[in-house]
Structures are given as structure tokens and as C-alpha cells.
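Participant: Provided herewith is a single structure, encoded as C-alpha cells, for subsequent inquiry.
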Amino acid sequence: MISAGLAVARDGREVAVMSQAEIVEALLDFIGRPGASEAEFEALALRVFAYQFTHNAPYRRFAQQRGRTPLTVRRWRDIPAVPIKAFKDLTLSCCPPDEAERVFMTSGTTGSGRGRSYHPTLKVYDASMLTGFAARIMRGRETIRMGILFPDEAALPNSSLAHYLALAKDTFGTQDSAVFVGPGGLDLDALLAVLAHAESTGEPVALLGATYAFVPVMDALTAQGRRFALPAGSFLFDTGGFKGQSREIQPDAFYDGLSQAFGIPRSECFNMYGMTELSTQFYDDGNAVCPPVKSGPHWIRSRVVDPLTGQDLPEGETGVLVHHDLAHFNSVSAILTEDAGVIAPGGFRLLGRVEGSASRGCSVAVAEFLAAAQG
Amino acid sequence: MSTLEQAGHLPGIPSEKIGRRIVEHSAWGETVAVALPDLDEDQAKALCGHVRARARAALRRMETARIVAAIDRASACLLDRAHPLRRKAEALLPVVTGYDSETVRLGLSSYLKTFRRPQLLRFLAEDFCNPGVLDGFQPAVKGGFVRARGPDLLLHVWAGNVPALPLWSLVSGLLVKAGSIGKLASAEPLTAGWFAHLIAESDPELGECLAVTWWKGGTGGAEGAFLAQADCVMAYGGDETLTALRAKVPVTTRFLPHGHRIGFAMIAREALDSRRAGPLARLAAHDIGRYEQQGCYAPQMLFVERGGPVTPDEFARHLAHELAALASRHPRRRLDPGEAAAIAAWRSTHEMRALDGSATLLGDPADPWSVVLLASATGLSPSGLNRSVAVVAVEDLAEVPALVAPHRAYLQTAGIAAAPARLFALAEDLAAIGVTRITAIGRMTAPEAGWHHDGRFSLLDLVTMTEIEASAEAAAEGFAPYAD
């Protein structure tokens, strides 16, 4: 257990460092207090930074290299953001890694190695997930019958998405909710039976899963010449993109396809944007228009920066997204993603991955080189 | 300034019938709109037919010397700073490519010098013991006679935004009397068309035998027609582009791919005294800065030997200083978000290494250059481009071939600063692992005329030989009217 203490600056100024228990308590309180002000966010962000700076040695060295310490940083925007690649190269954890209750790992589809996030407790992650999901996806509804198009936690114990979907199903799913991806792959027949049942009874249903998991379902329906008209109140939820697991479909075509196959308007097709390197998720309010504006709850803030200098870009300019997620308290709260985005009223628009292979000449660029190395 | 520049050169097709696609390029506060020709499938077939027919009827009968003269005159026009096309090139290319105007001006002159008569003769001499084989049957060493013929229709698929790069393959095609159709790269869609116009002005008959156009890759239609009609396809691009293209080329068509490459440099301890290290760093900075490392020959890593009076660490600092100085004379191109992200990703990888002391990042992320010093021998890997480079300290340059060998498929140019005996010893080892060009530091981005690009023959790879065997010649004597 990490205890509280004081960091003392050379000039004698003292910065309080909270214990893990205090941090967890403060975060659970903050998550439960909607409408927290910018100043409150900033105050907590600085305390979380002091905590991570003190207990996370690689992050401390990283921050020091940039001349940023709890004594020099006064604004949350100045807290140094680590590139998400660092989660592969370094052990970024305030608690000893083997004391973590759970370790979430990236799927390893991009680059080499897998990024890791250590969670000494899942209390904060779960509170963050449930509060966000209730507000943005359930929208006042208590429960809905859920069909999950992703393996469960037993199959993928290190997958943050498996845990996320299990929380969604166990908390907001009706008793007859089910996972439709097992060791043998997708159980299409069972899934179609549930959809047909919903269609005939008028009981709304929600399908939640990885983006790529919807592709074979759509393909199967097309092959059978079958379409559903799911009852009002039903919704679709996808996340994570295609990751080479299915063919790539452009967003507009994808949501048109979903809408036609299931009889659900694009405005009821939600996309979640999350990362293993975060404990909080972003949502849109449907995909009637792509790319939609995405936003997160009050304990996460996003910036769009020039990736080279880390400076904020003016609204409307495309840059790279930096997220500052207080709920990711044990690791690093500020991360520099590899996702391109632009700030928009109410949030940001996600514009896909930043193209790393930007060589327009005949030099080999890193992305091409890595692709060849991975064969 | 806002102009609409017509790209391409399309003999035999009325210009009012040609579809156009307008692409805007902006840099240095100016905008240039370029109208790319966009032919439909029937026009593509017609263009192939025209070029092939003119090549057969006219180009085949031309003496090589006449073609050399026409290319020489076209190059002379573009080397003449008062010529309207040269002035246009100096005005428009910086806006289209983003390179600063001095880089474009100097680069254009140095490159075009490669295509004057003496250099063109070197191209020919480099690949043919007797270039006369291009004009008629010549006695063969083994007996009999031999003649070389280029393809009737050679398709060039160009890539990249290094100004005037397409001229290399365009000129090679003409020298072997191939009817040529080139596909412009949308990143630099102007020079090839201008050069074709100059050829046409200089020798109208020759101008009918070559065309420069554009199509959207991967869409069938015109692309399908061009690929189906060509006898030989010379293509430049990344692995993915080349793989896709190769799959569409009929198996009977010769396919000559030039993929992306990575260059590196090696600096020996004997070159690292206080008198030599500074100038060497300036030359290396020149290789790095010229065209922002977009060319396949540009260095992305410098292996610097320990044990000289100037240490690798000091050399890296010299280099950083020279790159900073270069940036004030030749400002870096404005980077798009993807390019900035590529440098940021490369820097952050090294920043992680710096945490355990094995790497030192010089300069500030906002500087228009990046140098990282790696304290121990490290395998070859690409930099973030656009003036980012790794300096790798090694105990002995002899270690370097093993460090780069795993990337044989991507190797091409190595710049070396070392004493003669070591130069040759290193060259042996580098040749063995697939390096095909060794050059002085400072000359990496300026290959000499007749260069064997990627180790291949610019001209020889294009031709087919026809032999009259000695038996046929001897037998013919028996059928002569004067036979006894």
C-alpha cells in the first residue's frame, strides 16, 4: 500500500502527496459529482500528477527530462503526456506491478510488444465505466437485453474491452443477455434467434461489440437476403475499429450497412472510443453524421496538439489527441495518442490514426519498415 | 499568385477532349493549381496505340545520336535560367513540393547536368560495350551479330515529390528507343511534362513518341488499359503500391520495380580530427537536408567510429550545429500532421531510451531538425525523415555491415568517409550484404550519370537482344548470288 507523504521543493515549498487510498477515495468522490468545475478538475489533476511523479519512476524521469515536476507545473495542460508507445517499453505503475489486481494489455495489432496498464484495484475503473455508460448509452433506461459480440473475460482476462463489456452486461443487461462469441467463434444462429425474438415481441435489444465483429454478421444477413427491423429503443454499439480482423469499411458505408441490416437508424448506432491506456471512455451521440463529435465525462479532458512540440493547436486545426484521464490514476493520466483529431464544439472529432508513413518520396519510412519486419 | 498549370504531354489527343482533375498545392504563402490529365479508357487505348505506332514508325529508325541531341537540347533549355520554362520551374516547384526555392534551384541544376550529351554518352557506355547495338546489328564477341531493342511501349509509373526525379527513367526509355508513357506522381506533376514538351519542340517527331499523363491508381479504367498495353512497366513506389501494381500486370509484361530504400553513412576515425570533422558534418547535413530525406539515397543513420580525436558525441553536436545553420539558409518544408507525427514518434522512441542513458536527444522538438546520439551499436532503422537522423557510435566501422545486413531488401546508398584501404575493405563487406552504391559524404543525393539504380542497369534492363548466330551468317553465304 502506498502511503501519503510530502515532497519538498528546494525552495522549501511543500507538495502534498496522497496515499493510494486517498487518491481512490478522491476520484470516486469526483466521479460521483457531475458538474465539477474546471478549477476542481485542475486541482485534482495536479494532485494525481504529484502522486504519479512520486511513485512511478520511469514517468518521473520522463517528466524531469522535460523540466516538469509537481513544483513547476501549475496547470493541468502542462502535465507532460507520455506517448502511448511508452506503455509497451516501460512499466508505468505506481504500485508494484505484481500487486496489481488486474493488468490490461493492448491487443498487439500495431507495432511490436503489448502496452500494459496496471490496476491495483478496479474500483475506479469500474466507477468510471459505469457512470459514463449509464449517462451516454443507457440514457435513463435501467436495463436492456444485450448481445455481446466479443469474447468474455474468461477467454480474454487481460482485455480491458472484455471487462468493459462484462460490466455493461452484468449491470445494465437483462437476465437473458448473452455473449455470442465463444471458443468456436461467432454463434450466428443463436444471435439471429435473439434478433428474431426481439423483432416479434417488440422487446428492444442492444448489440455491443468490436467494430469488426459486425462485419461477418452483416455479410451473413446479406448472403441470406435477410434484414431485421428491430423494435424502437434498440441500439447498436461498436468500438475499436477493424484491426485487420475483417475487411475495412468506410464509416459512412459501415453505419449505412448496420442501419439497413438491423433496421436501426444511424443516430442509434453508437461508437465508443477507448484505450487500454485509459480508464475512461469517450462516446458520440450516434453516427447520423460521420465523424461525429465525441466527448467524455467531467474527469477526462482532451487536447489537440502539434505532435512535435506538444503545443495546443487552435480550434479547427487537425492535430494529435492528448487525453488527460484522472481515473487512470495508477499509471499515467496524460497520454499522447497516435490518433488524429480536431476540437469541435462539445468535444472533438476523431479522424483516425495519424498516418506514420508520411514519406512522399522514395525513402523507406518507419511504418513500411515495421510492416516488412512483421512480415 | 494563383495559376492553373496544365500538366502532362499528350500527343495525338485533341486537348479539348481531355478530362482534367485540378489539384491545388500550397506552400510559402502561394497556391498553384495543377490540372492533371485524366483520360478515359478509350482515350488511354488510343494514346497507347499512337505512341506505339509512332515509336515503331519513327523512333526505331532514329540514330541514337539524334535522340541524345534532342535530350541534350531539352536539358540545356531547363539549365538556362532565362528560359521561360526554367523560370516557371523555379517559380512553381517550390510551391508544389514545399521545398525552399534555393533547394529547388540548386537541385534542378545539379540534376539536369546529368542529362547533357557527354553524360548521356556515359549512360550508353555504362550499359553497352558498343552502344551501336541500339542502331543496328553489331559483331558479337562470341561470334555472330547482336542488336538491342527497347520495348515498343514502356510505361513509367512515377512516385514521390523529389523534383524532376522522373527524368531518369524517361531519358533511359528514350535512349533505348522505347515509346514511352509516364504516369505523373501527384506530389510533383510538372517537370516530366515540361521536359516532354521541350523534347517535342527540339524534335517534333520524337515528341510524338512519348506521352506524360496521370490516372488514379487502383481504379481500373484507364489504368487497366495502360497496364494491359505496355510491353514493359517501370514502377516506383512503396511495397504496397508495387505489390498491387505487380498483381495487375500481365505475366508476359516485364515489370521493373523500384521500391523505397534507406540510406546510411559511415565515418571513420581517420576522418574525425578537428580539421576534418566540421566540414564533414556540413557535407552530411547537406545530404540530410537536400529534399528533406525524401530520396531513397538520403542518409537516415550515421555510424560514427570511436577512437578519433573527435568523438561520435562531438560529431553529433557538429552535425546538429550544421543542420541548424542549414535551416537558416534552406528552411525546412512545412510538415503536414502525419510528417510531424512521424518525427514525434521517432523522437519519443529515443526519448524512452534516453531514460536509461543509452540515447541523447539534441535540440528542441520545435527545431527544424533532430539529431539523436545512440551510445552503443544499434541496428539500422529509419528515422522520422525531414531532417531527423540518428548518430550511432561504434567501436569499429567493420561492425556496421552486420548491423545493416538484416535490412538487405531496403539497402542502396552508403556514404563513406574513410581512408582508401578501409573504403575498399568496407565496400567489399557492404556489397556482400546488398549495398549497391557507395559515395562520398555530401554526394549521397546526387548520383552520377549512368548510376546503376538499385544495382540494376538503367538501359540494359529495358532491352531485348536479337542475335544472328554465326551459323546463320555462314549458312547465308551458301545462298549468295556470288556463291561458288
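Naming works like this for the C-alpha cells: A, B, ... for the chains as they're shown, residue 1 at the start of each chain, ligands 1 onward in shown order.
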Go through stretch 65-225 of chain A and collect every residue that DSSP, computed from the backbone, puts in strand (DSSP E or B); the answer should be as a list in words.

Facilitator: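 Going through stretch 65-225 of chain A, the strand (DSSP E or B) residues come out as Val82, Pro83, Arg102, Val103, Phe104, Met105, Arg116, Ser117, Tyr118, His119, Ile144, Arg145, Met146, Gly147, Ile148, Leu149, Gly173, Ala178, Val179, Val181, Gly182, Gly185, Leu186, Val205, Ala206, Leu207, Leu208, Gly209 and Ala210 of chain A.
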
Participant: Could you write out the selected residues, including C-alpha atoms, as a CSV table (one decimal), in the first residue's frame?

Facilitator:
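Saved as selection-v6.csv:
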chain,number,residue,atom,x,y,z
A,82,VAL,CA,3.6,10.2,-22.4
A,83,PRO,CA,3.4,8.7,-25.9
A,102,ARG,CA,-5.7,-6.7,-12.9
A,103,VAL,CA,-3.4,-5.9,-15.9
A,104,PHE,CA,-5.0,-4.8,-19.1
A,105,MET,CA,-2.9,-5.3,-22.3
A,116,ARG,CA,0.2,-2.7,-20.3
A,117,SER,CA,-1.9,-0.8,-17.8
A,118,TYR,CA,-1.7,-1.9,-14.2
A,119,HIS,CA,-4.8,-1.6,-11.9
A,144,ILE,CA,-31.9,-3.7,-21.9
A,145,ARG,CA,-31.4,-7.2,-23.4
A,146,MET,CA,-27.8,-7.3,-24.6
A,147,GLY,CA,-26.0,-9.4,-27.2
A,148,ILE,CA,-22.2,-9.2,-26.9
A,149,LEU,CA,-20.1,-9.7,-30.0
A,173,GLY,CA,-28.2,-6.2,-19.3
A,178,ALA,CA,-25.6,-13.3,-23.6
A,179,VAL,CA,-22.2,-13.4,-25.2
A,181,VAL,CA,-18.5,-15.1,-29.3
A,182,GLY,CA,-17.2,-18.4,-27.8
A,185,GLY,CA,-16.2,-18.0,-32.9
A,186,LEU,CA,-19.4,-16.2,-33.5
A,205,VAL,CA,-32.3,-5.3,-27.9
A,206,ALA,CA,-28.8,-3.9,-27.9
A,207,LEU,CA,-25.8,-5.4,-29.8
A,208,LEU,CA,-22.5,-4.4,-28.4
A,209,GLY,CA,-19.1,-5.5,-29.7
A,210,ALA,CA,-15.9,-4.9,-31.6

Participant: What are the residues of chain A lining chain B at 10 Å or less? Count only C-alpha atoms, and put the answer as a ChimeraX atom specification.

Facilitator: /A:58-62,64-65,82-86,89-90,305-311,317-320,338-340,353-373

Participant: Find, counting only C-alpha atoms, the residue in B:Ala472, B:Val404, B:Ala390, B:Ala327 that gets nearest to B:Asp100.

Facilitator: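 Closest candidate: B:Ala327.
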
Participant: Could you tell me how far atom CA of A:Ile249 sits from atom CA of B:Ala222, in Å to one decimal place?

Facilitator: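 That distance, rounded to one decimal, is 25.2 Å.
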
Participant: So how many Å separate atom CA of B:Met234 and atom CA of B:Leu153, to one decimal?

Facilitator: 11.0 Å

Participant: Please provide as an MDAnalysis selection string all residues within 8 Å of stretch 229-232 of chain A, with the sequence filter that same-chain residues fewer than 3 positions apart are discarded (counting only C-alpha atoms).

Facilitator: chainID A and resid 195 198:199 202:205 262:264

Participant: What's around B:Thr378 at 10 Å? Count only C-alpha atoms, leave out sequence neighbours fewer than 5 positions away in its own chain, and write the answer as a PyMOL selection string.

Facilitator: chain B and resi 301+303+390-394+400+403-404

Participant: Env of A:Glu153: 10 Å cut, atoms = only C-alpha atoms, seq-sep filter 2 positions within chain, self excluded. Answer as number ranges by chain.

Facilitator: A: 150-151, 155-166

Participant: Create the file for the chosen residues now, containing N, CA and C atoms and written as a CSV table (one decimal), in the first residue's frame.

Facilitator:
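Output file selection-v9.csv is given in full below:
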chain,number,residue,atom,x,y,z
A,150,PHE,N,-18.2,-10.1,-28.6
A,150,PHE,CA,-16.8,-10.1,-28.2
A,150,PHE,C,-16.6,-11.2,-27.2
A,151,PRO,N,-15.4,-11.8,-27.1
A,151,PRO,CA,-15.2,-12.9,-26.2
A,151,PRO,C,-15.3,-12.4,-24.7
A,155,ALA,N,-12.2,-15.8,-21.4
A,155,ALA,CA,-11.4,-16.0,-22.6
A,155,ALA,C,-10.3,-15.0,-22.7
A,156,LEU,N,-10.5,-13.8,-22.4
A,156,LEU,CA,-9.5,-12.7,-22.5
A,156,LEU,C,-9.4,-12.0,-21.2
A,157,PRO,N,-8.7,-12.6,-20.3
A,157,PRO,CA,-8.6,-12.0,-18.9
A,157,PRO,C,-7.8,-10.6,-18.9
A,158,ASN,N,-7.0,-10.4,-20.0
A,158,ASN,CA,-6.2,-9.1,-20.0
A,158,ASN,C,-6.8,-8.1,-20.9
A,159,SER,N,-8.0,-8.3,-21.4
A,159,SER,CA,-8.6,-7.4,-22.3
A,159,SER,C,-9.5,-6.4,-21.5
A,160,SER,N,-9.2,-5.1,-21.6
A,160,SER,CA,-10.0,-4.1,-21.0
A,160,SER,C,-11.4,-4.1,-21.6
A,161,LEU,N,-11.5,-4.4,-22.9
A,161,LEU,CA,-12.8,-4.4,-23.5
A,161,LEU,C,-13.7,-5.5,-23.0
A,162,ALA,N,-13.0,-6.7,-22.8
A,162,ALA,CA,-13.8,-7.8,-22.3
A,162,ALA,C,-14.4,-7.4,-20.9
A,163,HIS,N,-13.6,-6.8,-20.1
A,163,HIS,CA,-14.0,-6.4,-18.8
A,163,HIS,C,-15.1,-5.3,-18.9
A,164,TYR,N,-14.9,-4.4,-19.8
A,164,TYR,CA,-15.9,-3.3,-20.0
A,164,TYR,C,-17.2,-3.9,-20.4
A,165,LEU,N,-17.2,-4.8,-21.4
A,165,LEU,CA,-18.5,-5.4,-21.9
A,165,LEU,C,-19.1,-6.2,-20.8
A,166,ALA,N,-18.3,-6.9,-20.0
A,166,ALA,CA,-18.9,-7.7,-18.9
A,166,ALA,C,-19.6,-6.8,-17.9

Participant: Skip B:Ala140 itself and residues of its chain fewer than 5 positions away, then list as a ChimeraX atom specification all residues within 10 Å of it, counting only C-alpha atoms.

Facilitator: /B:130,133,145-147,467-470

Participant: When distances are computed from only C-alpha atoms, which of A:Asp312, A:Ser93, A:Arg66, A:Phe41 shows the smallest separation from A:Thr54?

Facilitator: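 Closest to A:Thr54, using only C-alpha atoms: A:Ser93.
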
Participant: So which residues of stretch 26-270 of chain B fall under helix (DSSP H, G or I) by DSSP, listed as a ChimeraX atom specification?

Facilitator: /B:41-57,59-61,64-79,84-97,101-115,117-127,131-134,167-175,191-202,204-207,222-229,239-248,269-270

Participant: What lies within 12 Å of stretch 421-423 of chain B using only C-alpha atoms, ignoring chain neighbours under 4 positions off, as number ranges by chain?

Facilitator: B: 266-271, 396-398, 414-417, 427-431, 438-440

Participant: With distances taken over only C-alpha atoms, which of A:Pro120, A:Gly233, A:Gly296, A:Pro345 is nearest to A:Phe133?

Facilitator: A:Gly296

Participant: Can you measure atom CA of A:Tyr273 to atom CA of A:Val304 for me? One decimal in Å is fine.

Facilitator: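 Going from atom CA of A:Tyr273 over to atom CA of A:Val304 covers 15.7 Å.
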